[in-house]
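Engineer: Dumping the structure here so I can ask a few things about it.
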Amino acid sequence: MSQVVIHCEQLGKRYQIGQRERYLALRDVLANSFQAPWRLFRSAAPGSSNGRPKHIWALRNVSFKIHEGEVLGIVGRNGAGKTTLLKVLARVTKPTEGHAEVVGRMGSLLEVGTGFHPELTGRENIYLSGAILGMSKREINRKFDEIVAFAEVEQFIDTPLKHYSSGMQMRLAFAVAAHLEPEILLVDEVLAVGDLAFQKKCLGKMGEVARGGRTILFVTHQMNQIRRLCERVFWIDAGGIRAAGPPGEVISAYETFGASSAKDRQDSDVCFSRWEISGHGNVLRNGTRDLTLHFDVRLNECVSSGHFGVAILNESDLVVVGWGFDEVGIPRGHQKLILRVPELPLRPGVYTLVCSLFNRGNNLTGGQLVEQWNAVPPLVVDTTPVSHPQDRWCGLLNIPAQLSLKPDS
Amino acid sequence: MSVTQQTVLPPTPALPAAPPLLRIAPPRGWLELNLREVWEYRELLYFFVWRDLKIRYKQTAIGAAWAVLQPFLTMIVFSLFFGALAGIPSHGLPYPIFYFSALLPWMYFAGALQNATNTVVEQQRVITKVYFPRLVLPLAAVLSGLVDLAIGFVVFLGMMLYYGMTPQATILLLPGFLLLGVLTALGVGLWLSALNAIYRDVRYVLPFLIQFWMFASPVAYPSSLVPERWRWLYGLNPMAGVIEGFRWALTGQGQPPNLLLAASAAAVVLLVAGGVVYFQKMEATFADVV
């Protein structure tokens, strides 16, 4: 067996509720510190409860070993603790308890384009971002041409980044990241964006890197990426490792898992087990028209004149679109609910599907909820973004538009 | 147990250098200094300084001219009001020389302090995504200000020429005063940048702090106005030593500010040591609070 390069022991990370959004106002602290001056220094340290014991364990009791050259995939729903685990390993944030030992040079890729500055040229940004991600100047010099060629931005290399299209910025960012050569690479969900051809190229590069004996940990919502690249998968749920093992096993366990984990799934009367976009798994890639969504459901008792609802929620839990169907009758046994959607112009991103089934009832009255399922895996929309390139203005929908000018005579 | 056994062992092949072992554990204790790591990241420090300069000069219409205009215009105003009108003593120096020699280190300090204070908050995107010793950020902020200072210095030499003055041997001591100035900016910057990450009010307090600090420093007046027996207390403001030091080293006029310097140097040592400890204590939480 090859050498263990990452060894985690009882790793845990606790956040104070709201800590991430809230910073303190100095006046409150000054007022308090007259009574207890040492508080001023301690209040921000992790572990000090500040008299408000409202915390949440984003990660708890996580122990594992990773061997040299392993490619490990991490799956789990949004907020399960995947990113926190990577952040602790990347040393961006310190654990609250437990410890980890890492052997070898480690690089992390938690975001695309870390350190990019719009005023700087492509060339300058390659150096800056490369240095921030852990490359030495000599290393960047050596790989510079390769990075530029990979990103396909040769003509614009001395143009300020703010004049690049968002696609070009993305390509440049990936190109820098793809040329990182640490012994251990931590990658958060970053390959879920970008155009298809380029994404393939990145995945190819990652595969190359993996075959080069490098250890890679990566988080993704795209199950086929995991199947293609990983030997082992962790399924992280509620801050812990729920399952670990070969991709086939873990992914099918993850996919058949529903939201109502408290309930014993086998005994429940209604059970959604999996869903897919006909022929495409959970990834929407080749356009967003004429879609067919399949939901597998098993009923112990028939539902007559029920109500079936499906909603699609974005990453901030906003319902982007929802549908309700009344007078639904479903017989006992294994069934497939088929939802046809002529058009679903969502912005590229990761979405949660929520299905609910009510017995007797309709859109207005509700009725008796028999099952609600936060579908796993989430829906990944991986199309080319066509709306405004700035996050503030791009909106929720991905609808192309043309502008023309006509003299008003 | 025999000694001979060891001799028959085959020679072991030279092992490759042991890969670095990294331990990730909860923060503990007050003293977890890791200054060697800062040295290992010196290239990143260089890139941060380089970026600061590039961006500063790209975003402003007249670029480096700001480095000259700001102290120059202030010098004119001071010479006019504090000098010609209020008649503040200048040890026989022409007012423009008297004021510019003090404004050089002061403007550097004010700018560096401002950059250092805001740097942790401004770089929050990088801080929440990548690890590097956070100390690099305030360090880069105080170092990048030196370029403006150098430009201002060239202008000052031109002014000396205009007034028919020649630099004295005392100018050789300038690097020492410069170092003191950089360390003062760094020491205060470390405290304020860590505090600013946690309490955003610091950002609003800073302009007042800088303004008060200027009047507590011998920028608009000579430190000789301060009574002799209070001079040591006055010197605990490290900028007092730095500014009088600059004035003396640049012009060679008057006495070396010995007492003032001793007090200032002592204050700086405490300020920087405390700042480094506090900053490194707080940096573990930056990614969680910014």
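Residue numbering restarts at 1 in every chain; chains get A, B, ... in the order shown in the structure tokens, and ligands count up from 1 in that same order.
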Any chance you could tabulate, as a tab-separated table, the residues of chain B at most 9 Å from chain A with each one's nearest atom pair and distance in Å to one decimal, using only C-alpha atoms, in chain and rising number order?
Structural biologist:
```
residue	atom	partner	partner_atom	distance
B:Ala18	CA	A:Gly104	CA	8.9
B:Pro19	CA	A:Gly104	CA	5.2
B:Pro20	CA	A:Gly104	CA	5.3
B:Leu21	CA	A:Val103	CA	4.6
B:Leu22	CA	A:Val102	CA	4.9
B:Arg23	CA	A:Glu101	CA	4.6
B:Ile24	CA	A:Ala100	CA	4.9
B:Ala25	CA	A:His99	CA	4.5
B:Pro26	CA	A:Pro95	CA	4.9
B:Pro27	CA	A:Lys94	CA	6.8
B:Tyr41	CA	A:Gly134	CA	8.9
B:Glu43	CA	A:Ser136	CA	7.0
B:Leu44	CA	A:Ala131	CA	5.8
B:Phe47	CA	A:Leu128	CA	6.3
B:Phe48	CA	A:Leu128	CA	7.8
B:Arg51	CA	A:Leu128	CA	7.5
B:Lys54	CA	A:Leu120	CA	7.6
B:Ile55	CA	A:Glu119	CA	6.6
B:Lys58	CA	A:Glu119	CA	7.2
B:Gln59	CA	A:Glu119	CA	7.6
B:Gln123	CA	A:Gly115	CA	8.6
B:Arg125	CA	A:Thr114	CA	7.5
B:Val126	CA	A:Gly115	CA	6.0
B:Ile127	CA	A:Val92	CA	7.0
B:Thr128	CA	A:Val92	CA	6.1
B:Lys129	CA	A:Leu110	CA	5.6
B:Val130	CA	A:Val92	CA	5.8
B:Tyr131	CA	A:Val92	CA	5.0
B:Phe132	CA	A:Ile132	CA	8.0
B:Ala197	CA	A:Tyr23	CA	8.0
B:Ile198	CA	A:Tyr23	CA	5.9
B:Tyr199	CA	A:Leu24	CA	5.1
B:Arg200	CA	A:Ala25	CA	6.6
B:Asp201	CA	A:Leu26	CA	5.8
B:Val202	CA	A:Leu26	CA	7.6
B:Tyr278	CA	A:Phe41	CA	8.3
B:Lys281	CA	A:Ala45	CA	8.1
B:Met282	CA	A:Ala45	CA	6.9
B:Ala284	CA	A:Lys94	CA	6.1
B:Thr285	CA	A:Ala45	CA	6.5
B:Phe286	CA	A:Thr93	CA	8.0
B:Ala287	CA	A:Thr93	CA	5.9
B:Asp288	CA	A:Arg20	CA	5.8
B:Val289	CA	A:Arg20	CA	5.5
B:Val290	CA	A:Arg20	CA	7.4
```
Engineer: Keeping only N, CA and C atoms, write the selected residues to a file as a compact mmCIF listing (two decimals), in the first residue's frame.
Structural biologist:
```txt
# COMPACT_ATOMS: atom_id res chain seq x y z
N ALA B 18 12.82 14.28 2.91
CA ALA B 18 11.50 13.98 3.46
C ALA B 18 10.51 15.06 3.03
N PRO B 19 9.35 14.65 2.50
CA PRO B 19 8.38 15.67 2.11
C PRO B 19 7.89 16.42 3.34
N PRO B 20 7.47 17.66 3.18
CA PRO B 20 7.05 18.43 4.35
C PRO B 20 5.82 17.82 4.99
N LEU B 21 5.84 17.78 6.30
CA LEU B 21 4.68 17.29 7.03
C LEU B 21 3.95 18.50 7.59
N LEU B 22 2.67 18.51 7.36
CA LEU B 22 1.89 19.64 7.79
C LEU B 22 0.86 19.17 8.79
N ARG B 23 0.75 19.89 9.87
CA ARG B 23 -0.24 19.49 10.87
C ARG B 23 -1.32 20.56 10.95
N ILE B 24 -2.54 20.12 10.79
CA ILE B 24 -3.68 21.04 10.87
C ILE B 24 -4.40 20.76 12.18
N ALA B 25 -4.46 21.76 13.03
CA ALA B 25 -5.08 21.54 14.33
C ALA B 25 -5.71 22.84 14.80
N PRO B 26 -6.60 22.78 15.78
CA PRO B 26 -7.23 24.01 16.27
C PRO B 26 -6.17 24.98 16.78
N PRO B 27 -6.44 26.29 16.69
CA PRO B 27 -5.48 27.25 17.19
C PRO B 27 -5.38 27.13 18.71
N TYR B 41 7.09 32.63 1.99
CA TYR B 41 6.12 33.21 1.06
C TYR B 41 6.58 34.56 0.55
N GLU B 43 7.91 35.44 -2.14
CA GLU B 43 7.56 35.71 -3.54
C GLU B 43 6.13 36.24 -3.65
N LEU B 44 5.26 35.67 -2.83
CA LEU B 44 3.89 36.16 -2.84
C LEU B 44 3.84 37.59 -2.34
N PHE B 47 4.66 39.75 -5.12
CA PHE B 47 3.56 39.89 -6.07
C PHE B 47 2.46 40.80 -5.54
N PHE B 48 2.21 40.75 -4.24
CA PHE B 48 1.20 41.64 -3.66
C PHE B 48 1.64 43.10 -3.76
N ARG B 51 1.31 44.12 -7.37
CA ARG B 51 -0.08 44.34 -7.73
C ARG B 51 -0.58 45.68 -7.20
N LYS B 54 0.81 48.40 -9.43
CA LYS B 54 0.21 48.37 -10.77
C LYS B 54 -1.19 48.98 -10.73
N ILE B 55 -1.98 48.49 -9.78
CA ILE B 55 -3.37 48.92 -9.74
C ILE B 55 -3.47 50.39 -9.36
N LYS B 58 -2.58 52.37 -12.35
CA LYS B 58 -3.45 52.21 -13.52
C LYS B 58 -4.79 52.89 -13.30
N GLN B 59 -5.23 52.94 -12.04
CA GLN B 59 -6.58 53.44 -11.80
C GLN B 59 -6.62 54.95 -11.68
N GLN B 123 -9.08 42.08 0.89
CA GLN B 123 -8.64 40.82 0.27
C GLN B 123 -9.46 39.64 0.77
N ARG B 125 -11.83 37.96 -0.44
CA ARG B 125 -12.10 36.86 -1.39
C ARG B 125 -10.93 35.90 -1.43
N VAL B 126 -9.74 36.46 -1.43
CA VAL B 126 -8.56 35.59 -1.47
C VAL B 126 -8.39 34.87 -0.13
N ILE B 127 -8.66 35.59 0.94
CA ILE B 127 -8.48 35.00 2.27
C ILE B 127 -9.41 33.81 2.49
N THR B 128 -10.62 33.88 1.93
CA THR B 128 -11.54 32.78 2.16
C THR B 128 -11.33 31.63 1.19
N LYS B 129 -10.39 31.78 0.26
CA LYS B 129 -10.21 30.72 -0.72
C LYS B 129 -8.83 30.07 -0.72
N VAL B 130 -7.83 30.78 -0.29
CA VAL B 130 -6.47 30.25 -0.38
C VAL B 130 -5.74 30.49 0.94
N TYR B 131 -4.87 29.55 1.26
CA TYR B 131 -4.05 29.77 2.44
C TYR B 131 -2.73 30.46 2.08
N PHE B 132 -2.33 31.39 2.87
CA PHE B 132 -0.97 31.91 2.88
C PHE B 132 -0.86 32.63 4.21
N ALA B 197 -10.91 43.67 10.63
CA ALA B 197 -11.56 42.46 10.12
C ALA B 197 -12.71 42.07 11.03
N ILE B 198 -12.58 42.36 12.31
CA ILE B 198 -13.58 41.92 13.27
C ILE B 198 -14.59 43.03 13.56
N TYR B 199 -14.07 44.25 13.68
CA TYR B 199 -14.96 45.40 13.95
C TYR B 199 -14.82 46.39 12.82
N ARG B 200 -15.82 46.44 11.96
CA ARG B 200 -15.67 47.27 10.77
C ARG B 200 -15.63 48.77 11.07
N ASP B 201 -15.99 49.15 12.29
CA ASP B 201 -15.98 50.58 12.62
C ASP B 201 -14.60 51.18 12.47
N VAL B 202 -13.59 50.32 12.59
CA VAL B 202 -12.21 50.81 12.56
C VAL B 202 -11.97 51.66 11.32
N TYR B 278 -0.71 39.74 18.16
CA TYR B 278 -2.16 39.91 18.07
C TYR B 278 -2.67 39.49 16.69
N LYS B 281 -2.62 35.82 16.25
CA LYS B 281 -3.66 35.23 17.07
C LYS B 281 -5.01 35.32 16.34
N MET B 282 -5.24 36.44 15.72
CA MET B 282 -6.53 36.70 15.09
C MET B 282 -6.64 36.10 13.69
N ALA B 284 -6.31 33.32 12.42
CA ALA B 284 -6.98 32.03 12.30
C ALA B 284 -8.47 32.22 12.04
N THR B 285 -9.00 33.35 12.48
CA THR B 285 -10.45 33.53 12.36
C THR B 285 -10.84 34.43 11.19
N PHE B 286 -9.84 34.99 10.50
CA PHE B 286 -10.18 35.92 9.41
C PHE B 286 -11.16 35.32 8.41
N ALA B 287 -10.88 34.09 7.98
CA ALA B 287 -11.72 33.49 6.94
C ALA B 287 -13.14 33.30 7.43
N ASP B 288 -13.33 33.23 8.74
CA ASP B 288 -14.68 33.02 9.28
C ASP B 288 -15.43 34.32 9.51
N VAL B 289 -14.71 35.43 9.64
CA VAL B 289 -15.42 36.67 9.98
C VAL B 289 -15.45 37.71 8.88
N VAL B 290 -14.50 37.70 7.96
CA VAL B 290 -14.53 38.77 6.95
C VAL B 290 -15.68 38.55 5.99
```
Engineer: CA of Glu244 in chain B to CA of Pro105 in chain B: how many Å, to one decimal?
Structural biologist: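 Answer for the CA of Glu244 in chain B to CA of Pro105 in chain B separation: 9.8 Å.
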Engineer: From a DSSP pass on the backbone, collect the residues of range 158-195 of chain A flagged as strand (DSSP E) and hand them back as number ranges by chain.
Structural biologist: A: 184-187
Engineer: May I have the residues within 12 Å of Ala253 in chain A as a ChimeraX atom specification, using only C-alpha atoms and disregarding those fewer than 5 positions away in the same chain?
Structural biologist: /A:75-76,233-236,242-248,258,273-274,376-377
Engineer: Taking the backbone alone, and naming residues the way the document does, which bits of range 78-138 of chain A are alpha helix (DSSP H) by DSSP, as a VMD selection string?
Structural biologist: chain A and resid 82 to 89 122 to 132 137 to 138
Engineer: Looking at A:Lys82, A:Lys162, A:Arg340, A:Arg332, which one is nearest to Ile277 in chain A, with distances taken over only C-alpha atoms?
Structural biologist: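 Between A:Lys82, A:Lys162, A:Arg340, A:Arg332, the residue approaching Ile277 in chain A most closely is A:Arg340.
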Engineer: Identify, on the basis of only C-alpha atoms, every residue whose closest approach to Gly181 in chain B does not exceed 8 Å; exclude the query and any residue fewer than 2 positions from it along the same chain; express the result as a list of chain:residue names.
Structural biologist: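 Once the adjacent positions are removed, what remains is B:Pro105, B:Phe109, B:Phe177, B:Leu178, B:Leu179, B:Leu183, B:Thr184, B:Ala185, B:Pro238, B:Met239, B:Val242.
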Engineer: Applying 12 Å and only C-alpha atoms, which residues near Gly164 in chain B remain after dropping the ones on its own chain fewer than 3 positions away? List them as a PDB file with N, CA and C atoms, in the first residue's frame.
Structural biologist:
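File produced: result.pdb:
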```pdb
ATOM      1  N   LEU B  93      15.430  76.885   8.727  1.00  0.00           N
ATOM      2  CA  LEU B  93      15.218  76.232   7.429  1.00  0.00           C
ATOM      3  C   LEU B  93      14.169  77.007   6.657  1.00  0.00           C
ATOM      4  N   PRO B  94      14.294  77.049   5.320  1.00  0.00           N
ATOM      5  CA  PRO B  94      13.193  77.615   4.540  1.00  0.00           C
ATOM      6  C   PRO B  94      11.936  76.780   4.823  1.00  0.00           C
ATOM      7  N   ILE B  97      11.270  73.571   2.788  1.00  0.00           N
ATOM      8  CA  ILE B  97      12.163  72.459   3.129  1.00  0.00           C
ATOM      9  C   ILE B  97      11.763  71.877   4.482  1.00  0.00           C
ATOM     10  N   LEU B 157      15.048  66.364  -3.209  1.00  0.00           N
ATOM     11  CA  LEU B 157      16.430  66.672  -3.607  1.00  0.00           C
ATOM     12  C   LEU B 157      16.444  67.859  -4.570  1.00  0.00           C
ATOM     13  N   GLY B 158      15.463  67.883  -5.473  1.00  0.00           N
ATOM     14  CA  GLY B 158      15.336  69.008  -6.397  1.00  0.00           C
ATOM     15  C   GLY B 158      15.107  70.314  -5.649  1.00  0.00           C
ATOM     16  N   MET B 159      14.256  70.244  -4.618  1.00  0.00           N
ATOM     17  CA  MET B 159      13.972  71.442  -3.826  1.00  0.00           C
ATOM     18  C   MET B 159      15.221  71.932  -3.103  1.00  0.00           C
ATOM     19  N   MET B 160      16.000  70.986  -2.580  1.00  0.00           N
ATOM     20  CA  MET B 160      17.236  71.373  -1.885  1.00  0.00           C
ATOM     21  C   MET B 160      18.168  72.115  -2.839  1.00  0.00           C
ATOM     22  N   LEU B 161      18.247  71.599  -4.044  1.00  0.00           N
ATOM     23  CA  LEU B 161      19.081  72.215  -5.071  1.00  0.00           C
ATOM     24  C   LEU B 161      18.617  73.647  -5.308  1.00  0.00           C
ATOM     25  N   PRO B 167      23.004  67.985   0.498  1.00  0.00           N
ATOM     26  CA  PRO B 167      22.805  66.964   1.532  1.00  0.00           C
ATOM     27  C   PRO B 167      24.074  66.785   2.354  1.00  0.00           C
ATOM     28  N   THR B 251      18.389  67.466   6.178  1.00  0.00           N
ATOM     29  CA  THR B 251      18.919  68.825   6.085  1.00  0.00           C
ATOM     30  C   THR B 251      20.251  68.998   6.814  1.00  0.00           C
TER      31      THR B 251
END
```
Engineer: Measure the distance from CA of Glu154 in chain A to CA of Glu139 in chain A in Å and round it to one decimal.
Structural biologist: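 Interatomic distance here is 19.3 Å.
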Engineer: Can you measure CA of Ala140 in chain B to CA of Leu186 in chain B for me? One decimal in Å is fine.
Structural biologist: 9.6 Å
